[in-house]
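Engineer: Just one file: work_7.txt, with compact mmCIF, C-alpha atoms.
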# COMPACT_ATOMS: atom_id res chain seq x y z
CA MET A 7 109.36 105.70 80.68
CA ASP A 8 112.22 107.61 79.07
CA PHE A 9 113.03 109.80 82.07
CA LEU A 10 113.93 106.84 84.30
CA GLY A 11 117.29 106.17 82.60
CA PRO A 12 118.67 109.69 83.05
CA LEU A 13 117.22 109.76 86.57
CA ALA A 14 119.06 106.55 87.47
CA GLN A 15 122.34 107.98 86.18
CA SER A 16 121.94 111.24 88.08
CA LEU A 17 121.18 109.42 91.34
CA ASP A 18 124.17 107.08 91.18
CA ARG A 19 126.86 109.34 92.67
CA PRO A 20 130.04 107.64 93.89
CA GLY A 21 130.79 108.58 97.48
CA PHE A 22 127.37 110.13 98.10
CA ASN A 23 126.34 109.90 101.76
CA TRP A 24 123.18 107.83 101.36
CA LYS A 25 123.39 106.71 104.98
CA GLY A 26 123.30 110.28 106.21
CA LEU A 27 120.40 111.11 103.88
CA ILE A 28 118.27 108.18 105.01
CA ILE A 29 119.04 108.77 108.69
CA GLY A 30 118.18 112.44 108.16
CA PHE A 31 114.88 111.54 106.50
CA GLY A 32 114.09 109.17 109.36
CA LEU A 33 114.89 111.71 112.06
CA ALA A 34 112.90 114.44 110.31
CA HIS A 35 109.93 112.12 109.97
CA TYR A 36 110.22 111.10 113.63
CA ALA A 37 110.49 114.73 114.76
CA PHE A 38 107.45 115.75 112.71
CA GLU A 39 105.27 112.92 113.99
CA SER A 40 106.47 113.50 117.57
CA TYR A 41 105.49 117.16 117.26
CA LEU A 42 102.02 116.14 116.11
CA SER A 43 101.73 113.61 118.94
CA ILE A 44 102.68 116.26 121.51
CA ARG A 45 99.95 118.54 120.13
CA GLN A 46 97.43 115.72 120.42
CA HIS A 47 98.59 114.78 123.92
CA LYS A 48 97.82 118.32 125.05
CA LYS A 49 94.34 117.93 123.55
CA LEU A 50 93.88 114.76 125.57
CA GLN A 51 94.44 116.72 128.79
CA GLU A 52 91.31 118.83 128.30
CA THR A 53 88.61 118.28 130.92
CA LYS A 54 85.42 119.28 129.12
CA PRO A 55 83.88 117.52 126.09
CA PRO A 56 83.25 119.45 122.86
CA LYS A 57 79.96 121.33 122.84
CA THR A 58 78.55 119.00 120.19
CA LEU A 59 78.93 116.08 122.62
CA GLU A 60 77.90 117.72 125.87
CA ALA A 61 74.37 116.32 125.69
CA ALA A 62 75.42 112.91 124.34
CA VAL A 63 78.39 111.97 126.52
CA THR A 64 78.59 111.97 130.30
CA GLN A 65 81.53 113.56 132.07
CA GLU A 66 82.52 110.13 133.41
CA VAL A 67 82.68 108.61 129.93
CA TYR A 68 84.58 111.62 128.59
CA ASP A 69 87.14 111.43 131.41
CA LYS A 70 87.65 107.72 130.79
CA SER A 71 88.03 108.31 127.05
CA GLN A 72 90.64 111.00 127.70
CA ALA A 73 92.51 108.72 130.11
CA TYR A 74 92.50 105.91 127.53
CA GLY A 75 93.74 108.32 124.87
CA ARG A 76 96.56 109.57 127.12
CA ALA A 77 97.59 105.99 127.93
CA LYS A 78 97.78 105.14 124.22
CA SER A 79 99.62 108.40 123.55
CA LYS A 80 102.30 107.66 126.16
CA TYR A 81 102.65 104.14 124.81
CA GLY A 82 103.04 105.57 121.32
CA PHE A 83 105.84 107.91 122.41
CA VAL A 84 107.87 105.01 123.81
CA GLU A 85 107.15 102.68 120.89
CA SER A 86 108.06 105.25 118.23
CA PHE A 87 111.28 106.18 120.08
CA PHE A 88 112.26 102.51 120.24
CA GLY A 89 111.48 102.12 116.54
CA GLN A 90 113.71 105.08 115.69
CA VAL A 91 116.57 103.73 117.81
CA THR A 92 116.18 100.34 116.13
CA ASN A 93 116.28 101.86 112.63
CA ILE A 94 119.36 103.96 113.35
CA SER A 95 121.12 101.03 115.01
CA THR A 96 120.39 98.82 112.01
CA ILE A 97 122.07 101.37 109.75
CA TYR A 98 124.92 102.37 112.08
CA PHE A 99 126.00 98.81 112.89
CA ASP A 100 125.62 97.58 109.28
CA LEU A 101 123.11 94.91 110.26
CA LEU A 102 121.79 94.61 106.71
CA PRO A 103 125.04 93.46 105.06
CA LYS A 104 125.93 91.35 108.11
CA GLY A 105 122.53 89.68 108.09
CA TRP A 106 122.68 89.13 104.33
CA ALA A 107 126.13 87.54 104.60
CA LEU A 108 124.98 85.34 107.49
CA MET A 109 122.08 83.99 105.43
CA GLY A 110 124.48 83.32 102.55
CA ARG A 111 126.81 81.31 104.79
CA PHE A 112 123.87 79.38 106.23
CA ILE A 113 122.64 78.37 102.77
CA ALA A 114 126.15 77.45 101.60
CA GLN A 115 126.70 75.26 104.65
CA TYR A 116 123.33 73.61 105.21
CA ALA A 117 121.13 73.91 102.11
CA PRO A 118 121.28 71.69 98.99
CA ALA A 119 123.03 73.23 96.00
CA ARG A 120 119.75 73.78 94.14
CA PHE A 121 118.72 76.31 96.81
CA SER A 122 121.75 78.52 96.27
CA GLY A 123 121.27 81.89 94.62
CA GLU A 124 119.85 85.30 95.32
CA ILE A 125 116.18 84.29 95.47
CA SER A 126 116.69 81.63 98.15
CA GLN A 127 118.98 83.91 100.13
CA SER A 128 116.44 86.75 99.89
CA ILE A 129 113.60 84.56 101.14
CA LEU A 130 115.67 83.34 104.09
CA PHE A 131 116.80 86.90 104.88
CA PHE A 132 113.23 88.20 104.72
CA ILE A 133 111.93 85.46 107.03
CA ALA A 134 114.76 86.04 109.51
CA PHE A 135 114.31 89.82 109.32
CA ASN A 136 110.58 89.53 110.00
CA LEU A 137 111.12 87.10 112.88
CA PHE A 138 113.72 89.42 114.41
CA SER A 139 111.33 92.39 114.15
CA THR A 140 108.52 90.36 115.73
CA VAL A 141 110.71 89.28 118.65
CA ILE A 142 112.11 92.71 119.51
CA ASN A 143 108.63 94.25 119.31
CA LEU A 144 107.01 91.48 121.33
CA PRO A 145 107.25 93.34 124.68
CA PHE A 146 105.32 96.26 123.17
CA SER A 147 102.59 94.01 121.76
CA TYR A 148 102.33 92.16 125.06
CA TYR A 149 102.13 95.37 127.09
CA LYS A 150 99.52 96.92 124.80
CA THR A 151 97.31 93.83 124.97
CA PHE A 152 97.65 92.68 128.57
CA VAL A 153 98.30 95.97 130.35
CA LEU A 154 96.95 98.94 128.39
CA GLU A 155 93.91 97.33 126.73
CA GLU A 156 93.14 95.20 129.76
CA LYS A 157 93.23 98.20 132.10
CA PHE A 158 90.39 99.80 130.16
CA GLY A 159 88.37 96.60 129.79
CA PHE A 160 88.95 95.86 126.11
CA ASN A 161 91.25 92.85 126.11
CA GLN A 162 89.53 89.47 125.84
CA GLN A 163 92.58 87.46 124.76
CA THR A 164 94.23 84.76 126.81
CA LYS A 165 98.01 84.56 126.77
CA LYS A 166 97.73 81.25 124.95
CA LEU A 167 95.66 82.84 122.17
CA PHE A 168 98.07 85.79 121.99
CA PHE A 169 101.12 83.61 121.38
CA THR A 170 99.20 81.19 119.15
CA ASP A 171 98.27 84.12 116.91
CA ILE A 172 101.93 85.11 116.64
CA VAL A 173 102.94 81.57 115.63
CA LYS A 174 100.13 81.34 113.06
CA THR A 175 101.08 84.74 111.63
CA GLN A 176 104.72 83.69 111.23
CA ILE A 177 103.71 80.45 109.51
CA LEU A 178 101.42 82.34 107.13
CA PHE A 179 104.23 84.79 106.44
CA VAL A 180 106.50 81.94 105.37
CA VAL A 181 103.86 79.98 103.42
CA LEU A 182 102.41 82.97 101.54
CA GLY A 183 105.30 85.44 101.64
CA SER A 184 107.97 83.10 100.25
CA PRO A 185 106.36 82.38 96.86
CA ILE A 186 105.22 86.00 96.51
CA LEU A 187 108.73 87.29 97.16
CA ALA A 188 110.19 84.65 94.83
CA GLY A 189 107.80 85.74 92.09
CA PHE A 190 108.65 89.40 92.61
CA LEU A 191 112.40 88.75 92.40
CA ALA A 192 112.08 86.41 89.41
CA ILE A 193 110.11 89.05 87.46
CA VAL A 194 112.67 91.76 88.22
CA LYS A 195 115.49 89.49 87.10
CA THR A 196 113.69 88.36 83.95
CA PHE A 197 112.33 91.58 82.46
CA GLY A 198 115.24 93.98 82.87
CA ASP A 199 114.63 97.73 82.93
CA ASN A 200 110.89 97.37 82.19
CA PHE A 201 110.23 95.00 85.08
CA PHE A 202 107.93 97.46 86.87
CA TYR A 203 105.07 96.86 84.41
CA TYR A 204 105.12 93.14 85.11
CA VAL A 205 105.72 93.47 88.86
CA TRP A 206 102.69 95.74 89.09
CA LEU A 207 100.52 93.20 87.23
CA PHE A 208 101.90 90.44 89.45
CA VAL A 209 101.00 92.35 92.63
CA LEU A 210 97.55 93.08 91.22
CA GLY A 211 97.07 89.34 90.71
CA VAL A 212 98.31 88.62 94.24
CA GLN A 213 95.77 91.10 95.64
CA ALA A 214 92.92 89.43 93.76
CA PHE A 215 94.13 86.02 94.99
CA MET A 216 94.31 87.21 98.61
CA ILE A 217 90.80 88.69 98.45
CA THR A 218 89.55 85.29 97.26
CA VAL A 219 91.38 83.06 99.73
CA TYR A 220 91.21 85.34 102.79
CA PRO A 221 87.70 84.36 103.97
CA ILE A 222 88.21 80.69 103.04
CA TRP A 223 91.67 79.85 104.38
CA ILE A 224 93.15 82.73 106.37
CA LEU A 225 90.43 84.34 108.48
CA PRO A 226 89.19 80.99 109.91
CA LEU A 227 92.66 80.46 111.38
CA PHE A 228 92.05 83.39 113.72
CA ASN A 229 88.30 83.89 114.00
CA THR A 230 85.03 82.07 113.46
CA LEU A 231 82.81 83.41 110.71
CA ALA A 232 79.28 82.14 111.25
CA PRO A 233 76.35 82.77 108.89
CA MET A 234 73.97 85.23 110.52
CA GLU A 235 70.98 83.49 112.04
CA PRO A 236 67.51 84.26 110.67
CA GLY A 237 65.87 87.25 112.33
CA LYS A 238 65.05 90.91 111.94
CA LEU A 239 68.68 92.01 111.57
CA LYS A 240 69.35 89.54 108.76
CA THR A 241 66.11 90.45 107.03
CA ASP A 242 66.79 94.19 107.24
CA VAL A 243 70.41 93.90 106.06
CA GLU A 244 69.45 91.71 103.10
CA ALA A 245 66.65 94.15 102.25
CA LEU A 246 69.12 97.05 102.32
CA ALA A 247 71.56 95.15 100.07
CA ALA A 248 68.77 94.34 97.63
CA ARG A 249 67.58 97.96 97.65
CA LEU A 250 71.06 99.12 96.64
CA ASN A 251 71.73 96.20 94.24
CA PHE A 252 74.71 95.27 96.40
CA PRO A 253 76.01 91.83 95.25
CA LEU A 254 75.76 90.26 98.71
CA LYS A 255 76.81 86.62 98.75
CA HIS A 256 77.28 85.96 102.45
CA LEU A 257 76.30 87.73 105.66
CA TYR A 258 78.56 86.76 108.54
CA VAL A 259 78.90 87.36 112.26
CA ILE A 260 82.50 87.29 113.49
CA ASP A 261 83.52 86.46 117.06
CA GLY A 262 85.42 89.71 117.62
CA SER A 263 84.75 89.36 121.34
CA LYS A 264 87.27 86.52 121.31
CA ARG A 265 90.04 89.11 121.38
CA SER A 266 88.60 92.53 122.09
CA ALA A 267 85.51 94.40 123.25
CA HIS A 268 85.88 96.87 120.35
CA SER A 269 83.15 96.85 117.69
CA ASN A 270 83.20 97.07 113.91
CA ALA A 271 81.52 96.06 110.64
CA TYR A 272 82.92 95.84 107.12
CA PHE A 273 82.52 94.24 103.71
CA PHE A 274 85.02 92.69 101.34
CA GLY A 275 85.18 90.58 98.21
CA LEU A 276 85.40 90.75 94.45
CA PRO A 277 83.20 93.21 92.50
CA TRP A 278 80.58 90.56 91.71
CA SER A 279 80.66 88.73 95.06
CA LYS A 280 80.67 90.64 98.34
CA HIS A 281 80.62 89.49 101.96
CA ILE A 282 79.39 91.57 104.91
CA VAL A 283 80.97 90.89 108.30
CA ILE A 284 79.49 92.24 111.55
CA TYR A 285 81.24 91.92 114.89
CA ASP A 286 79.27 90.13 117.58
CA THR A 287 80.13 93.00 119.93
CA LEU A 288 78.36 95.47 117.63
CA ILE A 289 75.22 93.32 117.48
CA GLU A 290 75.25 92.81 121.24
CA LYS A 291 75.51 96.51 122.09
CA SER A 292 73.35 98.09 119.38
CA GLU A 293 69.74 98.19 118.23
CA VAL A 294 68.93 96.51 114.93
CA SER A 295 68.20 99.86 113.26
CA GLU A 296 71.58 101.21 114.42
CA VAL A 297 73.49 98.26 112.98
CA VAL A 298 71.62 98.67 109.68
CA ALA A 299 72.46 102.40 109.72
CA VAL A 300 76.17 101.58 110.12
CA LEU A 301 75.92 99.20 107.17
CA GLY A 302 74.07 101.90 105.22
CA HIS A 303 77.17 104.03 105.71
CA GLU A 304 79.50 101.19 104.70
CA LEU A 305 77.48 100.35 101.59
CA GLY A 306 77.49 104.05 100.79
CA HIS A 307 81.23 103.71 100.20
CA TRP A 308 80.47 101.01 97.64
CA LYS A 309 77.57 102.81 95.99
CA GLU A 310 79.46 106.10 95.71
CA GLY A 311 82.45 104.30 94.17
CA HIS A 312 84.79 105.12 97.05
CA THR A 313 86.28 101.63 97.24
CA THR A 314 86.91 101.64 93.49
CA LYS A 315 88.48 105.11 93.59
CA MET A 316 90.73 104.25 96.53
CA PHE A 317 91.75 101.00 94.85
CA GLY A 318 92.58 102.86 91.64
CA ILE A 319 94.68 105.44 93.49
CA SER A 320 96.51 102.71 95.41
CA GLN A 321 97.29 100.94 92.14
CA PHE A 322 98.71 104.16 90.68
CA HIS A 323 100.75 104.55 93.86
CA LEU A 324 102.14 101.02 93.53
CA PHE A 325 102.96 101.55 89.87
CA TYR A 326 104.91 104.75 90.48
CA ILE A 327 106.76 103.08 93.39
CA PHE A 328 107.87 100.20 91.17
CA ALA A 329 108.73 102.60 88.34
CA LEU A 330 110.87 104.77 90.62
CA PHE A 331 112.49 101.65 92.06
CA SER A 332 113.78 100.85 88.57
CA ALA A 333 115.88 104.02 88.85
CA PHE A 334 117.46 102.77 92.11
CA ILE A 335 117.80 99.04 91.50
CA SER A 336 121.32 99.33 90.04
CA ASN A 337 122.47 102.30 92.11
CA THR A 338 126.00 101.21 93.02
CA SER A 339 126.61 104.19 95.31
CA LEU A 340 123.48 103.34 97.35
CA TYR A 341 124.49 99.70 97.84
CA GLU A 342 128.11 100.56 98.66
CA ALA A 343 127.04 103.19 101.20
CA PHE A 344 125.36 100.37 103.15
CA GLY A 345 128.22 97.88 102.88
CA PHE A 346 127.21 95.93 99.76
CA TYR A 347 130.38 96.12 97.67
CA LYS A 348 130.36 92.78 95.85
CA THR A 349 126.64 92.17 95.38
CA GLN A 350 123.49 94.18 94.79
CA PRO A 351 120.55 92.13 96.15
CA ILE A 352 117.21 93.28 94.74
CA LEU A 353 115.47 92.86 98.10
CA ILE A 354 118.02 95.02 99.90
CA GLY A 355 117.75 97.65 97.18
CA PHE A 356 113.97 97.72 97.58
CA LEU A 357 114.24 98.12 101.38
CA LEU A 358 116.71 101.00 101.03
CA PHE A 359 114.64 102.57 98.25
CA ASN A 360 111.61 102.65 100.57
CA ASP A 361 113.69 104.57 103.12
CA VAL A 362 114.67 107.08 100.45
CA LEU A 363 111.02 107.38 99.40
CA GLN A 364 109.85 108.28 102.93
CA PRO A 365 109.22 112.03 102.30
CA LEU A 366 107.05 111.27 99.25
CA ASP A 367 105.17 108.61 101.18
CA THR A 368 104.43 111.13 103.92
CA VAL A 369 102.85 113.48 101.39
CA PHE A 370 100.90 110.61 99.85
CA LYS A 371 99.62 109.52 103.27
CA LEU A 372 98.40 113.06 103.95
CA PHE A 373 96.59 113.16 100.59
CA MET A 374 94.96 109.75 101.12
CA ASN A 375 93.74 110.67 104.61
CA VAL A 376 92.24 113.95 103.38
CA LEU A 377 90.46 112.05 100.60
CA SER A 378 89.35 109.30 102.99
CA ARG A 379 87.77 111.82 105.39
CA ARG A 380 85.90 113.40 102.48
CA PHE A 381 84.58 109.97 101.50
CA GLU A 382 83.46 109.33 105.09
CA PHE A 383 81.34 112.49 105.03
CA GLU A 384 79.85 111.39 101.70
CA ALA A 385 79.05 107.91 103.07
CA ASP A 386 77.37 109.51 106.10
CA ALA A 387 75.30 111.67 103.76
CA PHE A 388 74.36 108.56 101.77
CA ALA A 389 73.06 106.89 104.94
CA VAL A 390 71.06 110.03 105.75
CA ASN A 391 69.48 109.94 102.29
CA LEU A 392 68.47 106.34 103.02
CA GLY A 393 66.58 107.64 106.07
CA TYR A 394 69.07 106.66 108.78
CA ALA A 395 70.15 110.10 110.05
CA GLU A 396 68.98 109.62 113.64
CA GLU A 397 70.00 105.96 113.84
CA LEU A 398 73.48 106.65 112.43
CA SER A 399 74.04 109.51 114.89
CA LYS A 400 73.03 107.29 117.81
CA SER A 401 75.21 104.45 116.53
CA LEU A 402 78.27 106.68 116.07
CA ILE A 403 77.89 107.98 119.62
CA LYS A 404 77.46 104.46 120.98
CA LEU A 405 80.52 103.20 119.12
CA GLN A 406 82.52 106.17 120.36
CA VAL A 407 81.50 105.51 123.95
CA GLN A 408 81.90 101.73 123.78
CA ASN A 409 85.34 101.99 122.16
CA LEU A 410 86.38 104.97 124.31
CA ALA A 411 87.51 106.58 121.07
CA THR A 412 89.03 110.05 121.20
CA MET A 413 86.23 112.62 121.44
CA ASP A 414 88.25 115.49 120.02
CA ALA A 415 91.56 115.94 118.25
CA ASP A 416 94.13 118.55 117.38
CA TRP A 417 93.35 119.72 113.84
CA LEU A 418 96.85 119.15 112.47
CA TYR A 419 97.21 115.74 114.13
CA SER A 420 93.85 114.55 112.79
CA CYS A 421 94.58 115.96 109.33
CA TYR A 422 97.74 113.88 109.09
CA HIS A 423 96.77 110.71 110.96
CA TYR A 424 93.01 110.20 110.80
CA THR A 425 91.22 108.44 107.97
CA HIS A 426 87.86 109.36 109.57
CA PRO A 427 86.55 112.75 110.70
CA ILE A 428 86.30 113.12 114.46
CA LEU A 429 82.87 112.53 116.01
CA PRO A 430 81.88 116.20 116.57
CA GLU A 431 82.54 116.93 112.89
CA ARG A 432 80.46 113.97 111.77
CA LEU A 433 77.56 114.79 114.06
CA ARG A 434 77.49 118.42 112.89
CA ALA A 435 77.50 117.28 109.27
CA LEU A 436 74.73 114.72 109.95
CA GLU A 437 72.62 117.34 111.69
CA LEU A 438 73.07 119.79 108.84
CA LYS A 439 72.35 117.13 106.22
CA GLY A 440 69.29 115.98 108.16
CA LYS A 441 67.88 119.51 108.32
CA LYS A 442 68.39 120.00 104.58
CA GLY A 443 66.54 116.79 103.90
CA GLN A 444 63.52 117.79 105.95
In C-alpha cells, how does this file's structure come out?
Structural biologist:
Amino acid sequence: MDFLGPLAQSLDRPGFNWKGLIIGFGLAHYAFESYLSIRQHKKLQETKPPKTLEAAVTQEVYDKSQAYGRAKSKYGFVESFFGQVTNISTIYFDLLPKGWALMGRFIAQYAPARFSGEISQSILFFIAFNLFSTVINLPFSYYKTFVLEEKFGFNQQTKKLFFTDIVKTQILFVVLGSPILAGFLAIVKTFGDNFFYYVWLFVLGVQAFMITVYPIWILPLFNTLAPMEPGKLKTDVEALAARLNFPLKHLYVIDGSKRSAHSNAYFFGLPWSKHIVIYDTLIEKSEVSEVVAVLGHELGHWKEGHTTKMFGISQFHLFYIFALFSAFISNTSLYEAFGFYKTQPILIGFLLFNDVLQPLDTVFKLFMNVLSRRFEFEADAFAVNLGYAEELSKSLIKLQVQNLATMDADWLYSCYHYTHPILPERLRALELKGKKGQ
C-alpha cells in the first residue's frame, strides 16, 4: 500500500504531544459513553412497561427487571470510572516504560541467555500486564458475581469455582497467548514494511485453530458438554438442521446452571462441521417448540449468510488495523512521548497504536452494532417463515423475563451499545411479519 509510507512520515513529528492526544481521546470516549449511560439510567427509572409488553409482562417482573438494570448501571458507572483512572495513571506515571524495563532486568538476572531479546521480554511483559489487570479488577468481578448477580438470583458459582476459573484462565493465557504473541512478533520482525499481510494470515490461521480446539480442549476445562439425550427435543432439532441442510455434527447440552441462571443457545464450528450448544437452563424453562424456535432463529443467521458476512467484515477490520499499524510501528515521536528513548518494542507500539485508533474503533463498533441488529431482525423473519412466529415470540418473552433483561432502552444508548434490537421492537416486527405471512 503506497500511501502507508508517506502517512508514517507525516505522523512521526518530533516533540508532538502523543500523551495529551491519547489522554484526550480516552476522556472524550469516557465522556461520550457516560452520557449514553446517564440517558439509559433515566430510562431504567420508568415505572410502566412499554405498551407492547403490557399484556406479556407483569408489573412485578417489570419492576424487578428495572431494579436489576439500575443495579448493573450503577456498577457500570463505578467500573468505567475506575478503568479511566487506571488508564490515565498508567500514562501519567510512565508505568509502561517502567514495567518494560523491570521485565528486562528480570530476564537479564534470572533467565538463561537464550531467552534474552525482545520476544521473550514482550511475552513476560504481556503476562505480567494481564496478571496485573486481573488483580486490580478482581474486586469488581467478585462484587458483580457474589453481590449483584446473587442479589437477583442469577449467581450459581461457589467461591472455589470463581477463583479456580481465574487460575485456569491465566494458565490458558500463558499456554496459548505466549506462542501466538511470539509468532506475531517474529512475523513483524521478519517481513519488514509488508508484515501486515502475513500477520493477517497468521491471525486467520490462529482463529481457525481456536475454533477447532475450543470444544475439545478449552471448553471442557470450564463446563461439561454432554451429548443431548434421545427425545423429542433432539429429534426436532436434528429435523430442523436436516431441513436447512445445516452441517450438524454434534448436539450438546451445556451445564450453564453451574455458574448462572441465565439462558442461551448458540452454534459454532468450521463451515463443514457445526456444533449446536443449548444451555440446560433454557431446556429446563422452555417448551420444546420454543427451544426449536430459538434455534430456528440462530440457524437463520447461518442460512442468511450473516455469520459469513460478519466474519468477512471482521477480517477486513483486522487487515486495516494491521496495515495502519505499519505506519506507526517505527514512529519515534510516539515511543519517546511515552518514555521509550532507547528501544521501540513492537508490543508497546501496538498497545499505543490501539489507543490512537480509539475514535475509529468507536465508529466501527457503531457500524457493526447497526448491522448486527439488522441481521437479528432478518433471523427473526427467517424463523417466522419456518412457522415459528408464535413460539419465537413466547420464547423471547420468557428469556427476557427469566434473564430480567432490560425491557426498554434509550434509542441512542441502544444504537451504540446493543447488538440485538430491544424486545418491543422484535415483537412488533414478529407480529407484522406474522400478519404478512397469513
Engineer: Do you know which residues are at most 12 Å from segment 167-174 of chain A counting all atoms listed in the file, after dropping those on the same chain fewer than 5 positions away, and could you put them as a list in words?
Structural biologist: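 Everything that qualifies: Asn136, Leu137, Thr140, Val141, Asn143, Leu144, Pro145, Ser147, Tyr148, Tyr149, Lys150, Thr151, Phe152, Asn161, Gln162, Phe179, Val180, Val181, Leu182, Ile224, Leu225, Pro226, Leu227, Phe228, Asn229, Lys264, Arg265 and Ser266 of chain A.
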Engineer: So, with all atoms listed in the file as the atoms that count, which of A:Val209, A:Gln72, A:Ile133, A:Pro103 lies closest to Gln321 of chain A?
Structural biologist: A:Val209
Engineer: From the list A:Gly275, A:Gly183, A:Gly345, A:Gly21, which residue is nearest Ile97 of chain A when using all atoms listed in the file?
Structural biologist: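 Selected residue with least distance to Ile97 of chain A: A:Gly345.
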Engineer: Using atom CA of Phe344 of chain A and atom CA of Val84 of chain A as the two end points, give the distance in Å to one decimal.
Structural biologist: 27.5 Å
Engineer: With all atoms listed in the file as the basis for distance, which of A:Gly198, A:Trp308, A:His423, A:Arg432 is at the shortest distance from Gln406 of chain A?
Structural biologist: A:Arg432
Engineer: In terms of the shortest atom-to-atom distance over all atoms listed in the file, which of A:Asn200, A:Thr175, A:Asn391, A:Thr241 is closest to Leu330 of chain A?
Structural biologist: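 That would be A:Asn200, the residue with the smallest distance to Leu330 of chain A.
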Engineer: From the set A:Ser332, A:Thr313, A:Ser320, A:Ser279, which residue has the shortest atom-to-atom contact distance to Lys195 of chain A, counting only C-alpha atoms?
Structural biologist: A:Ser332
Engineer: In Å, how far is it from atom CA of Ile260 of chain A to atom CA of Val212 of chain A?
Structural biologist: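 Computing the Euclidean distance for atom CA of Ile260 of chain A and atom CA of Val212 of chain A yields 24.9 Å.
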